[in-house]
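Structure file final_20.pdb; described as PDB, C-alpha atoms.
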ATOM      1  CA  MET A   1       0.000   0.000   0.000
ATOM      2  CA  SER A   2       1.403   3.383  -0.981
ATOM      3  CA  PRO A   3       2.020   5.856   1.863
ATOM      4  CA  ARG A   4      -0.651   8.449   2.504
ATOM      5  CA  ARG A   5      -0.046  11.761   0.850
ATOM      6  CA  SER A   6       0.231  14.908   2.926
ATOM      7  CA  TYR A   7      -0.220  18.565   2.150
ATOM      8  CA  ASP A   8       2.956  19.147   4.185
ATOM      9  CA  GLN A   9       1.554  22.406   5.535
ATOM     10  CA  TYR A  10       1.827  23.475   9.177
ATOM     11  CA  CYS A  11      -1.894  24.232   9.386
ATOM     12  CA  SER A  12      -4.524  22.418  11.441
ATOM     13  CA  ALA A  13      -7.000  22.403   8.528
ATOM     14  CA  ALA A  14      -4.383  20.855   6.261
ATOM     15  CA  ARG A  15      -3.514  18.256   8.918
ATOM     16  CA  ALA A  16      -7.199  17.389   9.265
ATOM     17  CA  LEU A  17      -7.532  16.972   5.504
ATOM     18  CA  ASP A  18      -4.465  14.725   5.523
ATOM     19  CA  LEU A  19      -6.613  12.331   7.575
ATOM     20  CA  VAL A  20     -10.158  12.766   6.268
ATOM     21  CA  GLY A  21      -9.804  14.599   2.966
ATOM     22  CA  ASP A  22      -9.732  11.490   0.776
ATOM     23  CA  ARG A  23     -12.862  10.622  -1.201
ATOM     24  CA  TRP A  24     -15.313   8.445   0.811
ATOM     25  CA  THR A  25     -13.659   8.863   4.238
ATOM     26  CA  LEU A  26     -16.221  11.249   5.721
ATOM     27  CA  LEU A  27     -19.085   9.209   4.278
ATOM     28  CA  ILE A  28     -17.666   6.145   6.028
ATOM     29  CA  VAL A  29     -17.703   8.199   9.234
ATOM     30  CA  ARG A  30     -21.358   9.054   8.521
ATOM     31  CA  GLU A  31     -22.173   5.339   8.337
ATOM     32  CA  LEU A  32     -20.181   4.467  11.467
ATOM     33  CA  LEU A  33     -22.088   7.089  13.471
ATOM     34  CA  ALA A  34     -24.779   4.380  13.536
ATOM     35  CA  GLY A  35     -22.472   2.191  15.636
ATOM     36  CA  PRO A  36     -20.474  -0.920  14.713
ATOM     37  CA  ARG A  37     -20.929  -1.956  11.071
ATOM     38  CA  ARG A  38     -19.742  -4.962   9.108
ATOM     39  CA  TYR A  39     -17.720  -4.423   5.962
ATOM     40  CA  THR A  40     -20.571  -5.817   3.851
ATOM     41  CA  ASP A  41     -23.047  -3.411   5.476
ATOM     42  CA  LEU A  42     -20.762  -0.460   4.788
ATOM     43  CA  HIS A  43     -20.322  -1.504   1.183
ATOM     44  CA  ALA A  44     -24.091  -1.859   0.735
ATOM     45  CA  ASP A  45     -24.774   1.631   2.145
ATOM     46  CA  LEU A  46     -22.001   3.342   0.170
ATOM     47  CA  PRO A  47     -23.166   2.723  -3.410
ATOM     48  CA  GLY A  48     -20.422   3.556  -5.876
ATOM     49  CA  VAL A  49     -17.416   2.743  -3.715
ATOM     50  CA  SER A  50     -15.195  -0.108  -4.912
ATOM     51  CA  THR A  51     -14.205  -2.888  -2.519
ATOM     52  CA  ASP A  52     -10.531  -1.935  -2.864
ATOM     53  CA  VAL A  53     -11.137   1.723  -2.055
ATOM     54  CA  LEU A  54     -13.373   0.904   0.917
ATOM     55  CA  ALA A  55     -10.805  -1.506   2.347
ATOM     56  CA  SER A  56      -8.048   1.083   1.834
ATOM     57  CA  ARG A  57     -10.013   3.884   3.514
ATOM     58  CA  LEU A  58     -10.905   1.686   6.493
ATOM     59  CA  LYS A  59      -7.249   0.715   6.880
ATOM     60  CA  ASP A  60      -6.213   4.376   6.750
ATOM     61  CA  MET A  61      -8.853   5.234   9.355
ATOM     62  CA  GLU A  62      -7.528   2.514  11.667
ATOM     63  CA  GLN A  63      -3.967   3.763  11.282
ATOM     64  CA  ALA A  64      -5.102   7.328  11.984
ATOM     65  CA  GLY A  65      -6.912   6.253  15.167
ATOM     66  CA  LEU A  66     -10.353   7.181  13.796
ATOM     67  CA  ALA A  67     -11.802   3.663  13.696
ATOM     68  CA  THR A  68     -11.126   0.215  15.100
ATOM     69  CA  ARG A  69     -11.880  -3.295  13.869
ATOM     70  CA  ARG A  70     -12.983  -6.038  16.242
ATOM     71  CA  ARG A  71     -14.665  -9.432  16.153
ATOM     72  CA  LEU A  72     -18.143  -9.788  17.603
ATOM     73  CA  SER A  73     -18.738 -12.423  20.254
ATOM     74  CA  PRO A  74     -20.412 -15.696  19.154
ATOM     75  CA  PRO A  75     -22.825 -16.471  17.658
ATOM     76  CA  GLY A  76     -22.145 -13.479  15.391
ATOM     77  CA  ALA A  77     -18.355 -13.868  15.207
ATOM     78  CA  ALA A  78     -18.169 -11.306  12.376
ATOM     79  CA  PHE A  79     -15.690  -8.461  12.216
ATOM     80  CA  VAL A  80     -17.110  -4.963  12.625
ATOM     81  CA  TYR A  81     -15.718  -1.457  12.326
ATOM     82  CA  GLU A  82     -16.560   1.305  14.776
ATOM     83  CA  LEU A  83     -15.479   4.853  15.483
ATOM     84  CA  THR A  84     -13.015   5.687  18.211
ATOM     85  CA  GLY A  85     -13.566   8.701  20.438
ATOM     86  CA  ARG A  86     -11.362  10.672  18.053
ATOM     87  CA  GLY A  87     -13.432   9.546  15.082
ATOM     88  CA  ARG A  88     -16.663  10.420  16.838
ATOM     89  CA  GLU A  89     -15.401  13.989  17.264
ATOM     90  CA  LEU A  90     -16.061  14.347  13.534
ATOM     91  CA  LEU A  91     -19.834  14.462  14.212
ATOM     92  CA  PRO A  92     -19.997  18.291  14.434
ATOM     93  CA  VAL A  93     -17.790  18.498  11.330
ATOM     94  CA  LEU A  94     -20.254  16.348   9.391
ATOM     95  CA  GLN A  95     -23.201  18.297  10.812
ATOM     96  CA  ALA A  96     -21.649  21.580   9.686
ATOM     97  CA  LEU A  97     -20.862  20.092   6.269
ATOM     98  CA  SER A  98     -24.434  18.810   5.989
ATOM     99  CA  ALA A  99     -25.832  22.250   6.808
ATOM    100  CA  TRP A 100     -23.445  23.955   4.373
ATOM    101  CA  GLY A 101     -24.361  21.510   1.617
ATOM    102  CA  ALA A 102     -28.123  21.736   2.109
ATOM    103  CA  PRO A 103     -28.609  24.403  -0.607
ATOM    104  CA  GLU A 104     -26.837  22.102  -3.082
ATOM    105  CA  LEU A 105     -29.366  19.275  -2.761
ATOM    106  CA  GLY A 106     -32.002  20.579  -5.141
ATOM    107  CA  GLU A 107     -34.517  18.036  -6.394
ATOM    108  CA  ARG A 108     -33.549  14.380  -6.219
ATOM    109  CA  ARG A 109     -32.025  13.205  -9.505
ATOM    110  CA  PRO A 110     -33.033   9.891 -11.109
ATOM    111  CA  THR A 111     -29.465   8.634 -10.598
ATOM    112  CA  ASP A 112     -29.337   9.549  -6.891
ATOM    113  CA  ALA A 113     -29.128   6.647  -4.449
ATOM    114  CA  VAL A 114     -30.926   7.172  -1.140
ATOM    115  CA  ARG A 115     -31.044   5.468   2.233
ATOM    116  CA  ALA A 116     -33.485   6.506   4.937
ATOM    117  CA  HIS A 117     -30.748   7.010   7.540
ATOM    118  CA  TRP A 118     -28.938   9.512   5.307
ATOM    119  CA  PHE A 119     -31.543  12.004   6.524
ATOM    120  CA  ALA A 120     -30.327  11.527  10.111
ATOM    121  CA  LEU A 121     -27.888  14.456  10.107
ATOM    122  CA  PRO A 122     -30.300  17.064   8.664
ATOM    123  CA  LEU A 123     -33.078  15.855  10.966
ATOM    124  CA  LEU A 124     -30.763  16.137  13.965
ATOM    125  CA  ARG A 125     -30.187  19.725  12.900
ATOM    126  CA  SER A 126     -33.935  20.335  12.581
ATOM    127  CA  LEU A 127     -34.559  18.854  16.025
ATOM    128  CA  ARG A 128     -31.857  21.016  17.607
ATOM    129  CA  GLU A 129     -33.364  24.100  15.957
ATOM    130  CA  ALA A 130     -36.708  23.046  17.461
ATOM    131  CA  GLY A 131     -35.096  23.102  20.911
ATOM    132  CA  ALA A 132     -34.701  19.361  21.473
ATOM    133  CA  GLY A 133     -32.307  18.354  24.232
ATOM    134  CA  GLU A 134     -31.337  14.737  24.840
ATOM    135  CA  ALA A 135     -34.016  12.575  23.263
ATOM    136  CA  LEU A 136     -34.635   9.297  21.478
ATOM    137  CA  VAL A 137     -36.625   9.966  18.313
ATOM    138  CA  GLU A 138     -38.164   7.456  15.920
ATOM    139  CA  VAL A 139     -38.575   8.534  12.288
ATOM    140  CA  ARG A 140     -40.707   6.832   9.651
ATOM    141  CA  LEU A 141     -40.246   7.720   5.989
ATOM    142  CA  GLU A 142     -41.359   6.112   2.749
ATOM    143  CA  GLU A 143     -37.786   4.827   2.319
ATOM    144  CA  GLY A 144     -37.718   3.153   5.723
ATOM    145  CA  GLU A 145     -37.584   3.661   9.462
ATOM    146  CA  PHE A 146     -34.698   4.777  11.657
ATOM    147  CA  HIS A 147     -34.083   6.367  15.028
ATOM    148  CA  LEU A 148     -32.022   9.288  16.297
ATOM    149  CA  ARG A 149     -30.305   9.961  19.604
ATOM    150  CA  VAL A 150     -30.404  13.726  19.906
ATOM    151  CA  GLY A 151     -27.662  15.112  22.125
ATOM    152  CA  ALA A 152     -25.919  11.737  22.539
ATOM    153  CA  GLN A 153     -22.489  12.215  24.080
ATOM    154  CA  GLN A 154     -21.256   8.724  23.274
ATOM    155  CA  GLY A 155     -22.385   5.633  21.420
ATOM    156  CA  PRO A 156     -24.427   5.555  18.199
ATOM    157  CA  VAL A 157     -26.046   8.776  16.991
ATOM    158  CA  HIS A 158     -28.587   7.039  14.775
ATOM    159  CA  GLY A 159     -29.624   3.538  13.803
ATOM    160  CA  GLU A 160     -31.857   1.669  11.410
ATOM    161  CA  GLY A 161     -35.267   0.398  12.446
ATOM    162  CA  PRO A 162     -37.540   1.356  15.356
ATOM    163  CA  ALA A 163     -36.154   2.990  18.489
ATOM    164  CA  PRO A 164     -34.715   0.512  21.008
ATOM    165  CA  GLY A 165     -37.067   1.297  23.863
ATOM    166  CA  GLU A 166     -39.675   3.964  24.392
ATOM    167  CA  ALA A 167     -39.112   6.893  22.044
ATOM    168  CA  ASP A 168     -39.542  10.453  23.319
ATOM    169  CA  ALA A 169     -41.211  11.283  20.006
ATOM    170  CA  ARG A 170     -42.204   9.541  16.795
ATOM    171  CA  LEU A 171     -42.187  11.458  13.525
ATOM    172  CA  VAL A 172     -43.938  10.349  10.353
ATOM    173  CA  MET A 173     -43.490  12.285   7.110
ATOM    174  CA  ASP A 174     -43.398  11.779   3.360
ATOM    175  CA  ALA A 175     -40.274  11.980   1.221
ATOM    176  CA  GLY A 176     -41.041  15.495  -0.016
ATOM    177  CA  THR A 177     -41.281  16.896   3.505
ATOM    178  CA  CYS A 178     -38.091  15.184   4.635
ATOM    179  CA  GLU A 179     -36.245  16.501   1.586
ATOM    180  CA  ALA A 180     -37.552  20.013   2.254
ATOM    181  CA  LEU A 181     -36.271  19.784   5.843
ATOM    182  CA  ALA A 182     -32.905  18.553   4.580
ATOM    183  CA  ARG A 183     -32.681  21.470   2.145
ATOM    184  CA  GLY A 184     -33.563  23.924   4.914
ATOM    185  CA  GLU A 185     -36.698  25.119   3.100
ATOM    186  CA  VAL A 186     -38.982  24.536   6.078
ATOM    187  CA  SER A 187     -38.485  24.222   9.821
ATOM    188  CA  LEU A 188     -39.641  21.163  11.713
ATOM    189  CA  ALA A 189     -42.042  23.253  13.801
ATOM    190  CA  ASP A 190     -43.611  24.768  10.660
ATOM    191  CA  ALA A 191     -43.894  21.334   9.049
ATOM    192  CA  VAL A 192     -45.688  20.012  12.136
ATOM    193  CA  ARG A 193     -48.062  22.993  12.210
ATOM    194  CA  ALA A 194     -48.819  22.497   8.511
ATOM    195  CA  GLY A 195     -49.676  18.859   9.078
ATOM    196  CA  ARG A 196     -46.752  17.674   6.969
ATOM    197  CA  VAL A 197     -45.187  15.849   9.947
ATOM    198  CA  THR A 198     -47.236  13.706  12.318
ATOM    199  CA  VAL A 199     -45.880  13.647  15.885
ATOM    200  CA  THR A 200     -46.863  11.044  18.475
ATOM    201  CA  GLY A 201     -45.461  10.079  21.853
ATOM    202  CA  GLU A 202     -45.710  10.972  25.522
ATOM    203  CA  GLY A 203     -42.261  12.506  25.950
ATOM    204  CA  THR A 204     -41.496  16.171  26.552
ATOM    205  CA  LEU A 205     -40.203  16.570  23.015
ATOM    206  CA  ALA A 206     -43.364  15.150  21.435
ATOM    207  CA  LYS A 207     -45.546  17.489  23.463
ATOM    208  CA  ALA A 208     -43.345  20.488  22.652
ATOM    209  CA  LEU A 209     -43.528  19.782  18.925
ATOM    210  CA  GLN A 210     -47.290  19.227  19.059
ATOM    211  CA  GLU A 211     -47.764  22.551  20.843
ATOM    212  CA  ALA A 212     -45.307  24.538  18.735
TER     213      ALA A 212
END

Please go through the file and, once you have read it, give me the structure as structure tokens.
Amino acid sequence: MSPRRSYDQYCSAARALDLVGDRWTLLIVRELLAGPRRYTDLHADLPGVSTDVLASRLKDMEQAGLATRRRLSPPGAAFVYELTGRGRELLPVLQALSAWGAPELGERRPTDAVRAHWFALPLLRSLREAGAGEALVEVRLEEGEFHLRVGAQQGPVHGEGPAPGEADARLVMDAGTCEALARGEVSLADAVRAGRVTVTGEGTLAKALQEA
């Protein structure tokens, strides 16, 4: 494997890009924010990446201390990748990048792949703007169901499927509404008031959104 290239600049931004500036690296971080993932799961949720490039990026991330690889206990016994504490510190970087890129989304193109959990970062932003503190939120879209851990200080930030346990709020919306939230065209509170998002649940967050 060829050595990683460096900008060779005494600048913290350049040093950061030495580690995460390669194509696919930050999207791998996005996937690992859901917790431990198998190589096959990562490959399935990163359409377009080659097996060689994915393996190379994961190796680079291990060497940089951003991710680790470990074997699950039986009966799973599969190897999984997960973020280290250092890797998890990239969450606000990805959130800022997601917010900055929102105006670039436009309408979904016929060639665009989509996974329900890719809306996790923009929805986390929408929930923070709505005043959500720490909360477990279940989200149901046409593309699938996932859950968010708003304000999580450690562990997974989001995950596929229903919330593990009692959710503080459950949100149901169509694809158009979710895309509008991701593009920053509408706030979550306005979408709820307009009937574009259905909110259920007994938690403080659910009641706050229903009364917004």

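In this model, the gap between atom CA of Arg170 of chain A and atom CA of Thr200 of chain A comes to 5.2 Å.
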
Hits of the PyMOL selection byres ((chain A and resi 80-92) around 10) in this structure, as JSON, numbers by chain:
{"A": [20, 26, 28, 29, 30, 31, 32, 33, 34, 35, 36, 37, 38, 39, 40, 41, 42, 58, 61, 62, 64, 65, 66, 67, 68, 69, 70, 71, 72, 77, 78, 79, 93, 94, 95, 96, 97, 98, 121, 153, 154, 155, 156, 157]}

Once the PyMOL selection byres ((chain A and resi 187) around 12) has been applied to the shown file, what residues remain in the selection, as a PDB file with C-alpha atoms, in the coordinates of the input?
ATOM      1  CA  PRO A 122     -30.300  17.064   8.664  1.00  0.00           C
ATOM      2  CA  LEU A 123     -33.078  15.855  10.966  1.00  0.00           C
ATOM      3  CA  LEU A 124     -30.763  16.137  13.965  1.00  0.00           C
ATOM      4  CA  ARG A 125     -30.187  19.725  12.900  1.00  0.00           C
ATOM      5  CA  SER A 126     -33.935  20.335  12.581  1.00  0.00           C
ATOM      6  CA  LEU A 127     -34.559  18.854  16.025  1.00  0.00           C
ATOM      7  CA  ARG A 128     -31.857  21.016  17.607  1.00  0.00           C
ATOM      8  CA  GLU A 129     -33.364  24.100  15.957  1.00  0.00           C
ATOM      9  CA  ALA A 130     -36.708  23.046  17.461  1.00  0.00           C
ATOM     10  CA  GLY A 131     -35.096  23.102  20.911  1.00  0.00           C
ATOM     11  CA  THR A 177     -41.281  16.896   3.505  1.00  0.00           C
ATOM     12  CA  CYS A 178     -38.091  15.184   4.635  1.00  0.00           C
ATOM     13  CA  GLU A 179     -36.245  16.501   1.586  1.00  0.00           C
ATOM     14  CA  ALA A 180     -37.552  20.013   2.254  1.00  0.00           C
ATOM     15  CA  LEU A 181     -36.271  19.784   5.843  1.00  0.00           C
ATOM     16  CA  ALA A 182     -32.905  18.553   4.580  1.00  0.00           C
ATOM     17  CA  ARG A 183     -32.681  21.470   2.145  1.00  0.00           C
ATOM     18  CA  GLY A 184     -33.563  23.924   4.914  1.00  0.00           C
ATOM     19  CA  GLU A 185     -36.698  25.119   3.100  1.00  0.00           C
ATOM     20  CA  VAL A 186     -38.982  24.536   6.078  1.00  0.00           C
ATOM     21  CA  LEU A 188     -39.641  21.163  11.713  1.00  0.00           C
ATOM     22  CA  ALA A 189     -42.042  23.253  13.801  1.00  0.00           C
ATOM     23  CA  ASP A 190     -43.611  24.768  10.660  1.00  0.00           C
ATOM     24  CA  ALA A 191     -43.894  21.334   9.049  1.00  0.00           C
ATOM     25  CA  VAL A 192     -45.688  20.012  12.136  1.00  0.00           C
ATOM     26  CA  ARG A 193     -48.062  22.993  12.210  1.00  0.00           C
ATOM     27  CA  ALA A 194     -48.819  22.497   8.511  1.00  0.00           C
ATOM     28  CA  ARG A 196     -46.752  17.674   6.969  1.00  0.00           C
ATOM     29  CA  VAL A 197     -45.187  15.849   9.947  1.00  0.00           C
ATOM     30  CA  LEU A 209     -43.528  19.782  18.925  1.00  0.00           C
ATOM     31  CA  ALA A 212     -45.307  24.538  18.735  1.00  0.00           C
TER      32      ALA A 212
END

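For the atom pair formed by atom CA of Trp100 of chain A and atom CA of Trp24 of chain A, the distance is 17.9 Å, given to one decimal.
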
Show me, as a VMD selection string, the residues that have an atom within 6 Å of segment 138-146 of chain A when counting only C-alpha atoms, minus same-chain residues fewer than 6 positions from it.
chain A and resid 116 159 to 163 170 to 174

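Between atom CA of Ala152 of chain A and atom CA of Glu202 of chain A lies a distance of 20.0 Å.
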
For the provided coordinates, the residues matched by the PyMOL selection byres ((chain A and resi 7) around 12) should be stated as a ChimeraX atom specification.
/A:4-6,8-19,21-22

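Residues in contact with Pro47 of chain A at up to 10 Å, not including ones fewer than 3 positions away on its chain and judged by only C-alpha atoms, are Leu42, His43, Ala44, Ser50, Asp112, Ala113 and Val114 of chain A.
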
Expected axis-aligned box over every listed atom of segment 157-166 of chain A, 8 Å added per side, centre plus edges in Å to one decimal, as lines of an AutoDock Vina configuration file:
center_x = -32.9
center_y = 4.6
center_z = 17.9
size_x = 29.6
size_y = 24.4
size_z = 29.0

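The nearest approach to Arg23 of chain A among the residues A:Leu46, A:Val199, A:Leu136, A:Ala175, with only C-alpha atoms taken into account, belongs to A:Leu46.
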